file start.txt (compact mmCIF, C-alpha atoms)
# COMPACT_ATOMS: atom_id res chain seq x y z
CA MET A 118 -1.09 13.37 15.12
CA ARG A 119 0.33 11.55 12.13
CA PRO A 120 -1.71 9.10 10.01
CA ALA A 121 -0.71 5.44 10.10
CA ASN A 122 1.15 5.59 6.81
CA HIS A 123 4.62 4.35 7.74
CA PRO A 124 4.91 0.56 7.24
CA SER A 125 6.43 0.24 10.73
CA VAL A 126 3.11 1.33 12.26
CA ILE A 127 1.30 -1.62 10.72
CA GLU A 128 4.18 -3.97 11.55
CA LEU A 129 4.21 -2.93 15.21
CA SER A 130 0.41 -3.28 15.47
CA LYS A 131 0.53 -6.77 13.97
CA ALA A 132 3.34 -7.88 16.27
CA TYR A 133 1.56 -6.55 19.36
CA PHE A 134 -1.78 -8.18 18.58
CA GLU A 135 -0.14 -11.47 17.61
CA GLN A 136 1.59 -11.51 21.00
CA GLN A 137 -1.78 -10.83 22.64
CA ASN A 138 -3.46 -13.60 20.58
CA GLN A 139 -5.98 -11.04 19.35
CA PRO A 140 -7.09 -9.94 15.88
CA CYS A 141 -4.99 -7.07 14.57
CA GLU A 142 -6.47 -3.59 14.88
CA ALA A 143 -5.33 -0.38 13.26
CA LEU A 144 -4.01 1.83 16.05
CA PRO A 145 -3.65 5.60 15.95
CA SER A 146 -0.07 6.76 15.60
CA TRP A 147 1.46 10.11 16.45
CA HIS A 148 4.59 11.87 17.61
CA PHE A 149 5.03 14.32 20.45
CA CYS A 150 5.49 18.05 20.01
CA ASP A 151 5.62 20.33 17.01
CA ASN A 152 9.27 20.01 16.00
CA GLU A 153 11.70 17.19 15.29
CA THR A 154 14.10 17.73 18.18
CA ASP A 155 11.43 17.83 20.87
CA ALA A 156 9.42 15.01 19.29
CA ASN A 157 12.42 12.68 19.26
CA ASP A 158 13.61 13.78 22.71
CA CYS A 159 10.18 13.03 24.18
CA LEU A 160 10.06 9.67 22.42
CA ASN A 161 13.42 8.77 23.97
CA LEU A 162 12.14 9.80 27.40
CA VAL A 163 9.15 7.47 26.92
CA LEU A 164 11.42 4.61 25.87
CA SER A 165 13.68 5.17 28.89
CA GLY A 166 10.69 5.15 31.24
CA GLU A 167 11.05 8.79 32.29
CA LYS A 168 8.08 10.24 30.38
CA LYS A 169 4.73 8.81 31.42
CA ALA A 170 2.32 11.61 30.52
CA THR A 171 1.41 14.13 27.85
CA SER A 172 -0.66 17.30 28.00
CA PRO A 173 -2.31 18.89 24.98
CA SER A 174 -4.86 21.57 25.70
CA LEU A 175 -8.55 20.73 25.64
CA TRP A 176 -8.94 23.62 23.20
CA TRP A 177 -6.57 21.95 20.73
CA HIS A 178 -8.79 18.84 20.86
CA LYS A 179 -11.84 21.00 20.20
CA ALA A 180 -10.22 23.01 17.41
CA LYS A 181 -9.04 19.86 15.64
CA ASP A 182 -12.25 17.92 16.42
CA ILE A 183 -10.22 15.14 18.05
CA ALA A 184 -11.84 12.98 20.71
CA LEU A 185 -10.36 13.03 24.18
CA PRO A 186 -8.24 10.05 25.12
CA GLN A 187 -9.93 7.34 27.17
CA VAL A 188 -8.51 4.95 29.75
CA GLY A 189 -7.49 1.80 27.91
CA ASP A 190 -6.70 3.52 24.60
CA LEU A 191 -3.72 2.14 22.71
CA ASN A 192 -1.57 4.47 20.63
CA ILE A 193 1.59 4.00 18.63
CA ILE A 194 4.28 6.57 19.35
CA THR A 195 6.51 7.41 16.42
CA ASP A 196 9.55 9.55 15.90
CA TRP A 197 9.21 12.77 13.92
CA HIS A 198 9.43 10.88 10.62
CA GLY A 199 6.66 8.42 11.48
CA LEU A 200 8.78 5.39 12.38
CA ALA A 201 6.89 3.41 15.05
CA HIS A 202 8.80 2.80 18.28
CA CYS A 203 6.30 1.74 20.92
CA ILE A 204 2.69 1.26 21.93
CA VAL A 205 1.36 3.05 24.98
CA LYS A 206 -1.83 2.39 26.91
CA THR A 207 -3.70 5.28 28.53
CA THR A 208 -4.11 4.68 32.26
CA LYS A 209 -5.59 7.98 33.43
CA VAL A 210 -7.16 11.06 31.85
CA SER A 211 -8.13 14.25 33.63
CA VAL A 212 -8.76 17.83 32.59
CA VAL A 213 -6.95 20.31 34.81
CA PRO A 214 -6.57 24.09 34.50
CA PHE A 215 -3.04 25.08 33.46
CA ASN A 216 -2.47 26.96 36.71
CA GLN A 217 -3.49 23.92 38.78
CA ILE A 218 -1.01 21.43 37.31
CA ASP A 219 1.07 20.19 40.25
CA ASP A 220 4.63 19.05 40.89
CA ALA A 221 3.72 15.36 40.76
CA TYR A 222 2.17 15.66 37.33
CA ALA A 223 5.05 17.76 35.97
CA ALA A 224 7.43 15.02 37.13
CA LEU A 225 5.35 12.39 35.27
CA GLU A 226 5.91 14.34 32.04
CA GLY A 227 9.60 13.58 32.58
CA GLU A 228 10.95 16.53 30.63
CA GLY A 229 13.84 18.84 31.53
CA ASP A 230 14.55 18.83 35.26
CA LYS A 231 11.01 17.44 35.85
CA SER A 232 10.07 20.52 37.91
CA LEU A 233 6.76 22.34 37.76
CA ALA A 234 8.61 25.56 36.84
CA TYR A 235 10.18 23.83 33.81
CA TRP A 236 6.86 22.25 32.83
CA ARG A 237 5.08 25.61 32.93
CA GLN A 238 7.77 27.38 30.94
CA VAL A 239 8.01 24.90 28.05
CA HIS A 240 4.29 24.14 27.92
CA TRP A 241 3.27 27.80 27.99
CA SER A 242 5.38 28.37 24.88
CA TYR A 243 4.02 25.18 23.33
CA TYR A 244 0.37 26.14 23.94
CA HIS A 245 0.95 29.44 22.15
CA ARG A 246 2.16 27.52 19.10
CA GLU A 247 -0.49 24.79 19.45
CA LEU A 248 -3.36 27.29 19.52
CA ALA A 249 -1.93 29.81 17.05
CA ASP A 250 -4.27 28.92 14.20
CA THR A 251 -7.38 28.49 16.34
CA LYS A 252 -9.94 30.80 17.92
CA TYR A 253 -8.36 30.10 21.33
CA ALA A 254 -5.59 31.91 23.18
CA PRO A 255 -3.63 30.49 26.09
CA CYS A 256 -4.61 31.72 29.54
CA GLN A 257 -3.69 30.67 33.05
CA ASP A 258 -6.90 28.71 33.63
CA MET A 259 -7.15 27.05 30.20
CA PRO A 260 -8.10 23.37 30.40
CA ILE A 261 -5.26 20.90 29.89
CA VAL A 262 -5.86 17.24 29.03
CA CYS A 263 -3.55 15.32 31.35
CA GLU A 264 -3.05 11.86 29.89
CA VAL A 265 -1.00 9.33 31.83
CA PHE A 266 0.18 6.24 29.97
CA GLU A 267 2.37 3.18 30.20
CA VAL A 268 4.47 1.51 27.53
CA VAL A 269 2.99 -1.91 26.74
CA PHE A 270 5.06 -2.89 23.69
CA THR A 271 8.21 -1.72 21.91
CA ARG A 272 9.96 -2.52 18.65
CA GLU A 273 12.36 -4.66 20.67
CA ASP A 274 9.45 -6.84 21.86
CA LYS A 275 8.73 -8.03 18.29

call {"tool": "encode", "arguments": {"input": "start.txt", "output": "structure tokens"}}
result
Amino acid sequence: MRPANHPSVIELSKAYFEQQNQPCEALPSWHFCDNETDANDCLNLVLSGEKKATSPSLWWHKAKDIALPQVGDLNIITDWHGLAHCIVKTTKVSVVPFNQIDDAYAALEGEGDKSLAYWRQVHWSYYHRELADTKYAPCQDMPIVCEVFEVVFTREDK
């Protein structure tokens, strides 16, 4: 998660709340993944409507002392460099063991060929990197935070 330090984050928040006729709030901003290529690829999948979910491990949340997402949360999604591109609203949150993620959820993630096999392969590698500096180690039944979201505002909506 990246702090709201890029001016575009504040600009996008202001534009969204003005459109909603509501007082402006500071929204959390972050990018996907742990490297520039994947972060920007996932952002583009969100913007195209293909990616509608994200899945950090529950252990990552615990290790970083980050609250779990809640239905109704608004978040600004940025590219790797912190430039704000869209606001998403959380529509569903569940905690599911890694080995119980299903085909339908893997397809919601929208990555690769959208198959469960692809999801497991890339996420297994990711969870090893995500948990590397924590007391946790990936295992088949580790809890995964399955967050489903929808895009509610983009830079083009300003």

call {"tool": "atom_distance", "arguments": {"input": "start.txt", "atom1": "CA of Glu247 (chain A)", "atom2": "CA of Lys181 (chain A)"}}
result
10.6 Å

call {"tool": "closest_residue", "arguments": {"input": "start.txt", "among": "A:Arg246, A:Lys231, A:Lys252, A:His123", "to": "Ile193 (chain A)", "atoms": "all atoms listed in the file"}}
result
A:His123

call {"tool": "atom_distance", "arguments": {"input": "start.txt", "atom1": "CA of Asp158 (chain A)", "atom2": "CA of Ala223 (chain A)"}}
result
16.3 Å

call {"tool": "atom_distance", "arguments": {"input": "start.txt", "atom1": "CA of Ala143 (chain A)", "atom2": "CA of Gln187 (chain A)"}}
result
16.6 Å

call {"tool": "closest_residue", "arguments": {"input": "start.txt", "among": "A:Glu135, A:Val265, A:Glu226, A:Ile194", "to": "Thr207 (chain A)", "atoms": "all atoms listed in the file"}}
result
A:Val265

call {"tool": "residues_near_point", "arguments": {"input": "start.txt", "point": "(5.5, 14.8, 16.8)", "cutoff": "12 Å", "atoms": "only C-alpha atoms", "output": "NGL selection string"}}
result
:A and (118-120 or 146-160 or 171 or 193-201 or 247)

call {"tool": "build_atoms", "arguments": {"input": "start.txt", "residues": "region 198-211 of chain A", "atoms": "N, CA, C and O atoms", "output": "PDB file, in the frame of the given file"}}
result
ATOM      1  N   HIS A 198       9.605  11.325  11.995  1.00  0.00           N
ATOM      2  CA  HIS A 198       9.430  10.880  10.620  1.00  0.00           C
ATOM      3  C   HIS A 198       8.387   9.773  10.466  1.00  0.00           C
ATOM      4  O   HIS A 198       8.190   9.276   9.361  1.00  0.00           O
ATOM      5  N   GLY A 199       7.735   9.399  11.556  1.00  0.00           N
ATOM      6  CA  GLY A 199       6.660   8.420  11.480  1.00  0.00           C
ATOM      7  C   GLY A 199       7.061   6.985  11.747  1.00  0.00           C
ATOM      8  O   GLY A 199       6.226   6.087  11.667  1.00  0.00           O
ATOM      9  N   LEU A 200       8.330   6.740  12.064  1.00  0.00           N
ATOM     10  CA  LEU A 200       8.780   5.390  12.380  1.00  0.00           C
ATOM     11  C   LEU A 200       8.245   4.981  13.752  1.00  0.00           C
ATOM     12  O   LEU A 200       8.488   5.670  14.751  1.00  0.00           O
ATOM     13  N   ALA A 201       7.517   3.875  13.802  1.00  0.00           N
ATOM     14  CA  ALA A 201       6.890   3.410  15.050  1.00  0.00           C
ATOM     15  C   ALA A 201       7.946   2.856  16.008  1.00  0.00           C
ATOM     16  O   ALA A 201       8.818   2.077  15.612  1.00  0.00           O
ATOM     17  N   HIS A 202       7.845   3.259  17.271  1.00  0.00           N
ATOM     18  CA  HIS A 202       8.800   2.800  18.280  1.00  0.00           C
ATOM     19  C   HIS A 202       8.143   2.042  19.427  1.00  0.00           C
ATOM     20  O   HIS A 202       8.765   1.149  19.996  1.00  0.00           O
ATOM     21  N   CYS A 203       6.925   2.416  19.799  1.00  0.00           N
ATOM     22  CA  CYS A 203       6.300   1.740  20.920  1.00  0.00           C
ATOM     23  C   CYS A 203       4.790   1.939  20.898  1.00  0.00           C
ATOM     24  O   CYS A 203       4.276   2.797  20.180  1.00  0.00           O
ATOM     25  N   ILE A 204       4.125   1.122  21.712  1.00  0.00           N
ATOM     26  CA  ILE A 204       2.690   1.260  21.930  1.00  0.00           C
ATOM     27  C   ILE A 204       2.493   1.627  23.388  1.00  0.00           C
ATOM     28  O   ILE A 204       3.087   1.001  24.278  1.00  0.00           O
ATOM     29  N   VAL A 205       1.689   2.650  23.613  1.00  0.00           N
ATOM     30  CA  VAL A 205       1.360   3.050  24.980  1.00  0.00           C
ATOM     31  C   VAL A 205      -0.128   2.830  25.222  1.00  0.00           C
ATOM     32  O   VAL A 205      -0.940   2.889  24.298  1.00  0.00           O
ATOM     33  N   LYS A 206      -0.442   2.580  26.486  1.00  0.00           N
ATOM     34  CA  LYS A 206      -1.830   2.390  26.910  1.00  0.00           C
ATOM     35  C   LYS A 206      -2.166   3.504  27.899  1.00  0.00           C
ATOM     36  O   LYS A 206      -1.436   3.725  28.870  1.00  0.00           O
ATOM     37  N   THR A 207      -3.261   4.195  27.647  1.00  0.00           N
ATOM     38  CA  THR A 207      -3.700   5.280  28.530  1.00  0.00           C
ATOM     39  C   THR A 207      -4.222   4.686  29.833  1.00  0.00           C
ATOM     40  O   THR A 207      -5.069   3.797  29.819  1.00  0.00           O
ATOM     41  N   THR A 208      -3.703   5.198  30.953  1.00  0.00           N
ATOM     42  CA  THR A 208      -4.110   4.680  32.260  1.00  0.00           C
ATOM     43  C   THR A 208      -4.921   5.686  33.074  1.00  0.00           C
ATOM     44  O   THR A 208      -5.603   5.303  34.016  1.00  0.00           O
ATOM     45  N   LYS A 209      -4.841   6.961  32.700  1.00  0.00           N
ATOM     46  CA  LYS A 209      -5.590   7.980  33.430  1.00  0.00           C
ATOM     47  C   LYS A 209      -5.745   9.204  32.542  1.00  0.00           C
ATOM     48  O   LYS A 209      -4.810   9.576  31.830  1.00  0.00           O
ATOM     49  N   VAL A 210      -6.913   9.817  32.587  1.00  0.00           N
ATOM     50  CA  VAL A 210      -7.160  11.060  31.850  1.00  0.00           C
ATOM     51  C   VAL A 210      -7.904  12.005  32.784  1.00  0.00           C
ATOM     52  O   VAL A 210      -8.897  11.618  33.407  1.00  0.00           O
ATOM     53  N   SER A 211      -7.417  13.221  32.878  1.00  0.00           N
ATOM     54  CA  SER A 211      -8.130  14.250  33.630  1.00  0.00           C
ATOM     55  C   SER A 211      -7.933  15.579  32.928  1.00  0.00           C
ATOM     56  O   SER A 211      -6.966  15.768  32.190  1.00  0.00           O
TER      57      SER A 211
END
